[in-house]
Amino acid sequence: MPHTNGNADAKSAPAPSAFFNQTLEDPQKALEVLKSYEEADGLSVQDLIDSKKHGGLTYNDFLVLPGYIGFAASEVNLDSPVTKRITLKTPFVSSPMDTVTEHEMAISIALQGGLGIIHHNCSADAQAEMVRKVKRYENGFIVDPIVITQDTTIGEVKALKEKWGFGGYPVTEKGTMNSKLIGIVTNRDIQFEDDDQSPVSSVMVTVKDIITAPAGTTLLEANAILAKSKKGKLPIVDDNGNLVSMISRSDLTKNLHFPLASKLPDSKQLICGAAIGTRPEDKIRLQKLVDAGLDIVVLDSSQGNSMYQIEMIKYIKEKYPDLDVIGGNVVTREQAASLIAAGVDGLRIGMGSGSACITQEVMAVGRPQAAAVYNVSSFAAKFGVPCMADGGIQNVGHIVKGLALGATTIMMGGLLAGTTESPGTSFVSREGKLVKAYRGMGSIDAMQDKKAGAGTKDSQKSNAGTARYFSEGDSVLVAQGVSGSVAHRGSVNKFVPYLAAGLKHSLQDCGRTSLHELHESVRDGKTRFELRTASAQLEGGVNMESYEKKLYA
């Protein structure tokens, strides 16, 4: 019997359903009554992204409605394809911007299950060197280790350590692979040696004291031998004692600490991506990147539907059939169709939505990101082409929305620019906060950077910023980006796991155990959405006089 405030006699009190003028139903039949509604609560994705009704939407314009939680957040699977052939354990990709991704970022985000795309606002040799550092960082069988001869000096070994970051090198008769192994030199052997002119033969561990494994040993067997031997390196030799490959103890440690790392199944090397332009000289750059071990190339352009990019895609697919190509940027089905027909393995979606981008403002061309992601990804899905939502990501919620609209991965620039691993400069702002420099590749600062041209007089023609915005030959540069700073966010090793944990909890709220299930449920109309008015956005934010916003602990 219902109770009213201050009146025990409830006969005069209205029934709870009187407002809706309905007859009360049996509560135990609530689920049956629910089926009587013609459609589920909220909007389908098709009704949500209807530009004729709602205009072009951004991520802030809508919410995903909750589902049923019947599992723990830790059970959510974040595996998602970045290209037709390569799948990541976490759907995060760092942007090819010169204040976001160099080798340190590429290594760190790959160890967390994502992918780094190394920028090309530098010389081709410098970019190839960064790719090489990523590929050498973690290996299963190292099939191309740096090999030295017994006549190599201690000073030369120290220089190699300074260059590559590690100090253990096999010594063979000819200083090459498939040559007779005669020793190994390690950090401990040269640490206290003052005579840099002495040959390594005077300090190296000779082959008679080295534990080796025969050719044909499996990676699992080799790891077991290395773990038992307590040595730093395990050379693999053939019947004649010739060095054929090697494995490293440091890689065993990395496997324990980073179980989600993005690695190739055969070599166990980290997966690495890099960006190039669509100029003729970029073909020379690409060859150097391929020689360094590149896995994925991203064609970097603000407007990907061009004769230059289509020709480059066809060239790459013909000359490097094993190299995956991501094309873009695109925001319409028509743009996407051209690149899909040319043979891309993935697409990059976004134009003018980045935090440091002003293309929509200056050029009056582009598309709100939510509308762009849904329209392109739903079309590309017909051909099995994964899509990357690039731009407009400011928090975990935006990541969730981009994925819900059909993207398989999320590219981040400004969100990662503040991490320790980005190449930007750290400094204290006027407000006394620790920040890092960040700039759009369409900013004047980026387009006038001379590193790509190695300081030559025509460096503007080699610049990644001018190439991205088709401005190589312009006498007056028109900015499509800005320079500034972003808050320091700490290490990628903490920030990316925070993003992944937030994404898992969001999928749990949606009642979806994987990104694949999320995509299926959105397509089938089971995952629903709701538009947000300006007042709703205000309501969903913090409404306090003062507060401290800590994102993770």
# chains A, B, ... in the order shown; residues from 1 in each chain; ligands from 1

call {"tool": "residues_around", "arguments": {"residues": "Glu517 in chain A", "least_positions_apart": "6", "cutoff": "10 Å", "atoms": "only C-alpha atoms", "output": "list in words"}}
result
Asn77, Leu507, Gly511, Arg523 and Thr527 of chain A

call {"tool": "residues_around", "arguments": {"residues": "Ser491 in chain A", "least_positions_apart": "3", "cutoff": "12 Å", "atoms": "only C-alpha atoms", "output": "ChimeraX atom specification"}}
result
/A:104-105,108-109,112,416-422,488,494-498

call {"tool": "write_last_selection", "arguments": {"atoms": "C-alpha atoms", "output": "PDB file, in the first residue's frame"}}
result
ATOM      1  CA  GLU A 104      60.340   6.412 -28.224  1.00  0.00           C
ATOM      2  CA  MET A 105      56.584   6.911 -28.561  1.00  0.00           C
ATOM      3  CA  SER A 108      56.107   2.630 -25.802  1.00  0.00           C
ATOM      4  CA  ILE A 109      52.647   2.519 -27.377  1.00  0.00           C
ATOM      5  CA  GLN A 112      50.968  -1.337 -24.590  1.00  0.00           C
ATOM      6  CA  LEU A 416      49.405  11.816 -26.365  1.00  0.00           C
ATOM      7  CA  ALA A 417      51.483  14.950 -27.019  1.00  0.00           C
ATOM      8  CA  GLY A 418      51.647  15.659 -23.292  1.00  0.00           C
ATOM      9  CA  THR A 419      53.165  12.293 -22.373  1.00  0.00           C
ATOM     10  CA  THR A 420      56.789  11.814 -21.409  1.00  0.00           C
ATOM     11  CA  GLU A 421      57.540   9.780 -24.539  1.00  0.00           C
ATOM     12  CA  SER A 422      56.484  12.445 -27.050  1.00  0.00           C
ATOM     13  CA  HIS A 488      51.868  17.097 -19.153  1.00  0.00           C
ATOM     14  CA  LYS A 494      50.432   4.700 -17.224  1.00  0.00           C
ATOM     15  CA  PHE A 495      48.276   6.843 -19.491  1.00  0.00           C
ATOM     16  CA  VAL A 496      47.499   4.228 -22.163  1.00  0.00           C
ATOM     17  CA  PRO A 497      46.509   1.552 -19.590  1.00  0.00           C
ATOM     18  CA  TYR A 498      44.177   4.193 -18.114  1.00  0.00           C
TER      19      TYR A 498
END

call {"tool": "closest_residue", "arguments": {"among": "A:Arg430, A:Leu264, A:Leu243, A:Ile313", "to": "Thr176 in chain A", "atoms": "only C-alpha atoms"}}
result
A:Leu243

call {"tool": "residues_around", "arguments": {"residues": "Pro386 in chain A", "least_positions_apart": "6", "cutoff": "8 Å", "atoms": "only C-alpha atoms", "output": "list in words"}}
result
Pro81, Val82, Thr83, Lys84, Asp345, Gly346, Leu347, Ser377, Ala380, Ala407 and Thr408 of chain A

call {"tool": "write_last_selection", "arguments": {"atoms": "N, CA, C and O atoms", "output": "compact mmCIF listing (two decimals), in the first residue's frame"}}
result
# COMPACT_ATOMS: atom_id res chain seq x y z
N PRO A 81 41.20 -4.71 -35.63
CA PRO A 81 42.12 -4.58 -36.78
C PRO A 81 42.49 -3.13 -37.08
O PRO A 81 41.64 -2.24 -36.99
N VAL A 82 43.74 -2.92 -37.44
CA VAL A 82 44.18 -1.60 -37.89
C VAL A 82 44.33 -1.59 -39.41
O VAL A 82 44.20 -0.54 -40.05
N THR A 83 44.60 -2.77 -39.98
CA THR A 83 44.59 -2.96 -41.43
C THR A 83 43.91 -4.31 -41.71
O THR A 83 43.51 -5.00 -40.78
N LYS A 84 43.81 -4.66 -42.95
CA LYS A 84 43.18 -5.94 -43.30
C LYS A 84 43.92 -7.12 -42.69
O LYS A 84 43.32 -8.16 -42.39
N ASP A 345 44.65 -0.81 -47.45
CA ASP A 345 44.39 -1.83 -46.42
C ASP A 345 43.72 -1.23 -45.20
O ASP A 345 43.34 -1.94 -44.27
N GLY A 346 43.61 0.10 -45.15
CA GLY A 346 42.97 0.78 -44.04
C GLY A 346 42.74 2.23 -44.41
O GLY A 346 43.36 2.75 -45.35
N LEU A 347 41.83 2.88 -43.69
CA LEU A 347 41.52 4.29 -43.96
C LEU A 347 41.66 5.11 -42.69
O LEU A 347 41.40 4.63 -41.59
N SER A 377 33.09 4.69 -42.24
CA SER A 377 33.34 3.34 -41.73
C SER A 377 32.25 2.36 -42.12
O SER A 377 32.52 1.19 -42.40
N ALA A 380 33.10 1.54 -45.73
CA ALA A 380 34.34 0.75 -45.84
C ALA A 380 34.15 -0.68 -45.34
O ALA A 380 34.82 -1.61 -45.83
N ALA A 407 34.55 2.95 -36.20
CA ALA A 407 36.01 2.93 -36.31
C ALA A 407 36.55 1.68 -35.60
O ALA A 407 35.99 1.24 -34.59
N THR A 408 37.63 1.12 -36.12
CA THR A 408 38.24 -0.03 -35.47
C THR A 408 39.43 0.39 -34.60
O THR A 408 39.81 -0.35 -33.69

call {"tool": "closest_residue", "arguments": {"among": "A:Leu111, A:Ile310, A:Leu415, A:Ile210", "to": "Gly183 in chain A", "atoms": "only C-alpha atoms"}}
result
A:Ile210

call {"tool": "residues_around", "arguments": {"residues": "Phe529 in chain A", "least_positions_apart": "5", "cutoff": "9 Å", "atoms": "only C-alpha atoms", "output": "PyMOL selection string"}}
result
chain A and resi 41-45+48+62-66

call {"tool": "residues_around", "arguments": {"residues": "Gly327 in chain A", "least_positions_apart": "5", "cutoff": "7 Å", "atoms": "only C-alpha atoms", "output": "list in words"}}
result
Val298, Leu299, Gly304, Leu339, Val344, Gly346, Leu347 and Arg348 of chain A

call {"tool": "atom_distance", "arguments": {"atom1": "CA of Leu34 in chain A", "atom2": "CA of Phe71 in chain A"}}
result
23.0 Å

call {"tool": "atom_distance", "arguments": {"atom1": "CA of Glu530 in chain A", "atom2": "CA of Cys510 in chain A"}}
result
13.2 Å

call {"tool": "atom_distance", "arguments": {"atom1": "CA of Val171 in chain A", "atom2": "CA of Thr212 in chain A"}}
result
13.4 Å

call {"tool": "select_by_dssp", "arguments": {"residues": "range 391-431 of chain A", "states": "strand (DSSP E or B)", "output": "count of residues only"}}
result
8

call {"tool": "residues_around", "arguments": {"residues": "range 320-326 of chain A", "least_positions_apart": "4", "cutoff": "12 Å", "atoms": "only C-alpha atoms", "output": "ChimeraX atom specification"}}
result
/A:82-87,117,271-277,283,286-287,289-291,293-301,304,309-310,312-316,330,336,339-340,342-349,385-388

call {"tool": "select_by_dssp", "arguments": {"residues": "range 153-363 of chain A", "states": "helix (DSSP H, G or I)", "output": "MDAnalysis selection string"}}
result
chainID A and resid 154:164 187:190 200:202 207:209 219:229 249:257 282:291 307:319 333:342 359:363

call {"tool": "closest_residue", "arguments": {"among": "A:Ala224, A:Ala487, A:Ala40, A:Leu78", "to": "Leu260 in chain A", "atoms": "only C-alpha atoms"}}
result
A:Leu78

call {"tool": "decode", "arguments": {"residues": "range 20-52 of chain A", "atoms": "N, CA, C and O atoms", "output": "PDB file, in the first residue's frame"}}
result
ATOM      1  N   PHE A  20       0.459   8.993 -15.840  1.00  0.00           N
ATOM      2  CA  PHE A  20       0.444   8.497 -17.218  1.00  0.00           C
ATOM      3  C   PHE A  20      -0.907   7.900 -17.600  1.00  0.00           C
ATOM      4  O   PHE A  20      -1.067   7.396 -18.704  1.00  0.00           O
ATOM      5  N   ASN A  21      -1.895   7.944 -16.635  1.00  0.00           N
ATOM      6  CA  ASN A  21      -3.241   7.444 -16.907  1.00  0.00           C
ATOM      7  C   ASN A  21      -3.215   5.992 -17.386  1.00  0.00           C
ATOM      8  O   ASN A  21      -3.805   5.641 -18.407  1.00  0.00           O
ATOM      9  N   GLN A  22      -2.444   5.158 -16.667  1.00  0.00           N
ATOM     10  CA  GLN A  22      -2.307   3.763 -17.041  1.00  0.00           C
ATOM     11  C   GLN A  22      -2.800   2.854 -15.915  1.00  0.00           C
ATOM     12  O   GLN A  22      -2.788   3.232 -14.747  1.00  0.00           O
ATOM     13  N   THR A  23      -3.199   1.659 -16.288  1.00  0.00           N
ATOM     14  CA  THR A  23      -3.545   0.626 -15.312  1.00  0.00           C
ATOM     15  C   THR A  23      -2.272  -0.062 -14.862  1.00  0.00           C
ATOM     16  O   THR A  23      -1.405  -0.378 -15.679  1.00  0.00           O
ATOM     17  N   LEU A  24      -2.145  -0.290 -13.602  1.00  0.00           N
ATOM     18  CA  LEU A  24      -0.944  -0.928 -13.075  1.00  0.00           C
ATOM     19  C   LEU A  24      -0.791  -2.342 -13.616  1.00  0.00           C
ATOM     20  O   LEU A  24      -1.747  -3.111 -13.679  1.00  0.00           O
ATOM     21  N   GLU A  25       0.449  -2.690 -14.007  1.00  0.00           N
ATOM     22  CA  GLU A  25       0.764  -4.030 -14.491  1.00  0.00           C
ATOM     23  C   GLU A  25       1.452  -4.825 -13.392  1.00  0.00           C
ATOM     24  O   GLU A  25       1.971  -4.259 -12.418  1.00  0.00           O
ATOM     25  N   ASP A  26       1.471  -6.128 -13.568  1.00  0.00           N
ATOM     26  CA  ASP A  26       2.176  -7.017 -12.640  1.00  0.00           C
ATOM     27  C   ASP A  26       3.683  -6.780 -12.811  1.00  0.00           C
ATOM     28  O   ASP A  26       4.218  -6.960 -13.913  1.00  0.00           O
ATOM     29  N   PRO A  27       4.393  -6.371 -11.761  1.00  0.00           N
ATOM     30  CA  PRO A  27       5.842  -6.101 -11.883  1.00  0.00           C
ATOM     31  C   PRO A  27       6.632  -7.276 -12.444  1.00  0.00           C
ATOM     32  O   PRO A  27       7.652  -7.071 -13.114  1.00  0.00           O
ATOM     33  N   GLN A  28       6.180  -8.506 -12.171  1.00  0.00           N
ATOM     34  CA  GLN A  28       6.915  -9.681 -12.642  1.00  0.00           C
ATOM     35  C   GLN A  28       6.819  -9.843 -14.159  1.00  0.00           C
ATOM     36  O   GLN A  28       7.540 -10.640 -14.750  1.00  0.00           O
ATOM     37  N   LYS A  29       5.913  -9.097 -14.778  1.00  0.00           N
ATOM     38  CA  LYS A  29       5.751  -9.166 -16.225  1.00  0.00           C
ATOM     39  C   LYS A  29       6.400  -7.973 -16.934  1.00  0.00           C
ATOM     40  O   LYS A  29       6.107  -7.709 -18.103  1.00  0.00           O
ATOM     41  N   ALA A  30       7.286  -7.264 -16.220  1.00  0.00           N
ATOM     42  CA  ALA A  30       7.902  -6.055 -16.783  1.00  0.00           C
ATOM     43  C   ALA A  30       8.648  -6.335 -18.083  1.00  0.00           C
ATOM     44  O   ALA A  30       8.564  -5.564 -19.050  1.00  0.00           O
ATOM     45  N   LEU A  31       9.367  -7.460 -18.133  1.00  0.00           N
ATOM     46  CA  LEU A  31      10.129  -7.781 -19.337  1.00  0.00           C
ATOM     47  C   LEU A  31       9.203  -8.121 -20.501  1.00  0.00           C
ATOM     48  O   LEU A  31       9.526  -7.816 -21.663  1.00  0.00           O
ATOM     49  N   GLU A  32       8.049  -8.735 -20.207  1.00  0.00           N
ATOM     50  CA  GLU A  32       7.089  -9.035 -21.259  1.00  0.00           C
ATOM     51  C   GLU A  32       6.442  -7.756 -21.781  1.00  0.00           C
ATOM     52  O   GLU A  32       6.243  -7.581 -22.992  1.00  0.00           O
ATOM     53  N   VAL A  33       6.111  -6.852 -20.864  1.00  0.00           N
ATOM     54  CA  VAL A  33       5.510  -5.586 -21.261  1.00  0.00           C
ATOM     55  C   VAL A  33       6.471  -4.787 -22.133  1.00  0.00           C
ATOM     56  O   VAL A  33       6.066  -4.104 -23.078  1.00  0.00           O
ATOM     57  N   LEU A  34       7.762  -4.886 -21.821  1.00  0.00           N
ATOM     58  CA  LEU A  34       8.777  -4.169 -22.596  1.00  0.00           C
ATOM     59  C   LEU A  34       8.722  -4.545 -24.075  1.00  0.00           C
ATOM     60  O   LEU A  34       8.956  -3.707 -24.958  1.00  0.00           O
ATOM     61  N   LYS A  35       8.392  -5.799 -24.355  1.00  0.00           N
ATOM     62  CA  LYS A  35       8.344  -6.277 -25.734  1.00  0.00           C
ATOM     63  C   LYS A  35       7.190  -5.670 -26.528  1.00  0.00           C
ATOM     64  O   LYS A  35       7.167  -5.739 -27.757  1.00  0.00           O
ATOM     65  N   SER A  36       6.240  -5.077 -25.817  1.00  0.00           N
ATOM     66  CA  SER A  36       5.090  -4.507 -26.511  1.00  0.00           C
ATOM     67  C   SER A  36       5.422  -3.194 -27.225  1.00  0.00           C
ATOM     68  O   SER A  36       4.658  -2.730 -28.075  1.00  0.00           O
ATOM     69  N   TYR A  37       6.557  -2.586 -26.883  1.00  0.00           N
ATOM     70  CA  TYR A  37       6.967  -1.347 -27.548  1.00  0.00           C
ATOM     71  C   TYR A  37       7.458  -1.666 -28.969  1.00  0.00           C
ATOM     72  O   TYR A  37       8.138  -2.674 -29.197  1.00  0.00           O
ATOM     73  N   GLU A  38       7.139  -0.812 -29.894  1.00  0.00           N
ATOM     74  CA  GLU A  38       7.476  -1.050 -31.294  1.00  0.00           C
ATOM     75  C   GLU A  38       8.979  -1.013 -31.539  1.00  0.00           C
ATOM     76  O   GLU A  38       9.492  -1.703 -32.422  1.00  0.00           O
ATOM     77  N   GLU A  39       9.688  -0.192 -30.799  1.00  0.00           N
ATOM     78  CA  GLU A  39      11.143  -0.132 -30.959  1.00  0.00           C
ATOM     79  C   GLU A  39      11.804   0.110 -29.615  1.00  0.00           C
ATOM     80  O   GLU A  39      11.165   0.542 -28.653  1.00  0.00           O
ATOM     81  N   ALA A  40      13.097  -0.190 -29.552  1.00  0.00           N
ATOM     82  CA  ALA A  40      13.841  -0.040 -28.297  1.00  0.00           C
ATOM     83  C   ALA A  40      13.987   1.433 -27.939  1.00  0.00           C
ATOM     84  O   ALA A  40      13.844   2.322 -28.788  1.00  0.00           O
ATOM     85  N   ASP A  41      14.251   1.679 -26.686  1.00  0.00           N
ATOM     86  CA  ASP A  41      14.447   3.040 -26.210  1.00  0.00           C
ATOM     87  C   ASP A  41      15.626   3.691 -26.930  1.00  0.00           C
ATOM     88  O   ASP A  41      16.597   3.020 -27.301  1.00  0.00           O
ATOM     89  N   GLY A  42      15.580   5.001 -27.110  1.00  0.00           N
ATOM     90  CA  GLY A  42      16.671   5.718 -27.746  1.00  0.00           C
ATOM     91  C   GLY A  42      16.614   5.666 -29.263  1.00  0.00           C
ATOM     92  O   GLY A  42      15.591   5.322 -29.865  1.00  0.00           O
ATOM     93  N   LEU A  43      17.744   5.998 -29.883  1.00  0.00           N
ATOM     94  CA  LEU A  43      17.846   6.088 -31.338  1.00  0.00           C
ATOM     95  C   LEU A  43      18.788   5.030 -31.883  1.00  0.00           C
ATOM     96  O   LEU A  43      19.793   4.680 -31.251  1.00  0.00           O
ATOM     97  N   SER A  44      18.492   4.532 -33.072  1.00  0.00           N
ATOM     98  CA  SER A  44      19.458   3.688 -33.771  1.00  0.00           C
ATOM     99  C   SER A  44      20.562   4.587 -34.310  1.00  0.00           C
ATOM    100  O   SER A  44      20.403   5.814 -34.385  1.00  0.00           O
ATOM    101  N   VAL A  45      21.666   3.996 -34.707  1.00  0.00           N
ATOM    102  CA  VAL A  45      22.773   4.810 -35.220  1.00  0.00           C
ATOM    103  C   VAL A  45      22.367   5.511 -36.520  1.00  0.00           C
ATOM    104  O   VAL A  45      22.805   6.638 -36.805  1.00  0.00           O
ATOM    105  N   GLN A  46      21.502   4.859 -37.299  1.00  0.00           N
ATOM    106  CA  GLN A  46      21.055   5.482 -38.547  1.00  0.00           C
ATOM    107  C   GLN A  46      20.209   6.726 -38.264  1.00  0.00           C
ATOM    108  O   GLN A  46      20.345   7.746 -38.953  1.00  0.00           O
ATOM    109  N   ASP A  47      19.329   6.631 -37.248  1.00  0.00           N
ATOM    110  CA  ASP A  47      18.512   7.790 -36.892  1.00  0.00           C
ATOM    111  C   ASP A  47      19.359   8.893 -36.252  1.00  0.00           C
ATOM    112  O   ASP A  47      19.105  10.081 -36.442  1.00  0.00           O
ATOM    113  N   LEU A  48      20.380   8.468 -35.487  1.00  0.00           N
ATOM    114  CA  LEU A  48      21.249   9.446 -34.824  1.00  0.00           C
ATOM    115  C   LEU A  48      22.024  10.267 -35.854  1.00  0.00           C
ATOM    116  O   LEU A  48      22.003  11.490 -35.831  1.00  0.00           O
ATOM    117  N   ILE A  49      22.714   9.553 -36.762  1.00  0.00           N
ATOM    118  CA  ILE A  49      23.566  10.236 -37.744  1.00  0.00           C
ATOM    119  C   ILE A  49      22.748  10.515 -39.003  1.00  0.00           C
ATOM    120  O   ILE A  49      23.041  10.025 -40.097  1.00  0.00           O
ATOM    121  N   ASP A  50      21.705  11.261 -38.848  1.00  0.00           N
ATOM    122  CA  ASP A  50      20.877  11.685 -39.978  1.00  0.00           C
ATOM    123  C   ASP A  50      21.057  13.189 -40.143  1.00  0.00           C
ATOM    124  O   ASP A  50      20.412  13.989 -39.470  1.00  0.00           O
ATOM    125  N   SER A  51      21.953  13.558 -41.039  1.00  0.00           N
ATOM    126  CA  SER A  51      22.314  14.966 -41.189  1.00  0.00           C
ATOM    127  C   SER A  51      21.136  15.823 -41.627  1.00  0.00           C
ATOM    128  O   SER A  51      21.083  17.022 -41.329  1.00  0.00           O
ATOM    129  N   LYS A  52      20.169  15.222 -42.313  1.00  0.00           N
ATOM    130  CA  LYS A  52      19.016  15.995 -42.765  1.00  0.00           C
ATOM    131  C   LYS A  52      18.143  16.417 -41.584  1.00  0.00           C
ATOM    132  O   LYS A  52      17.490  17.465 -41.633  1.00  0.00           O
TER     133      LYS A  52
END
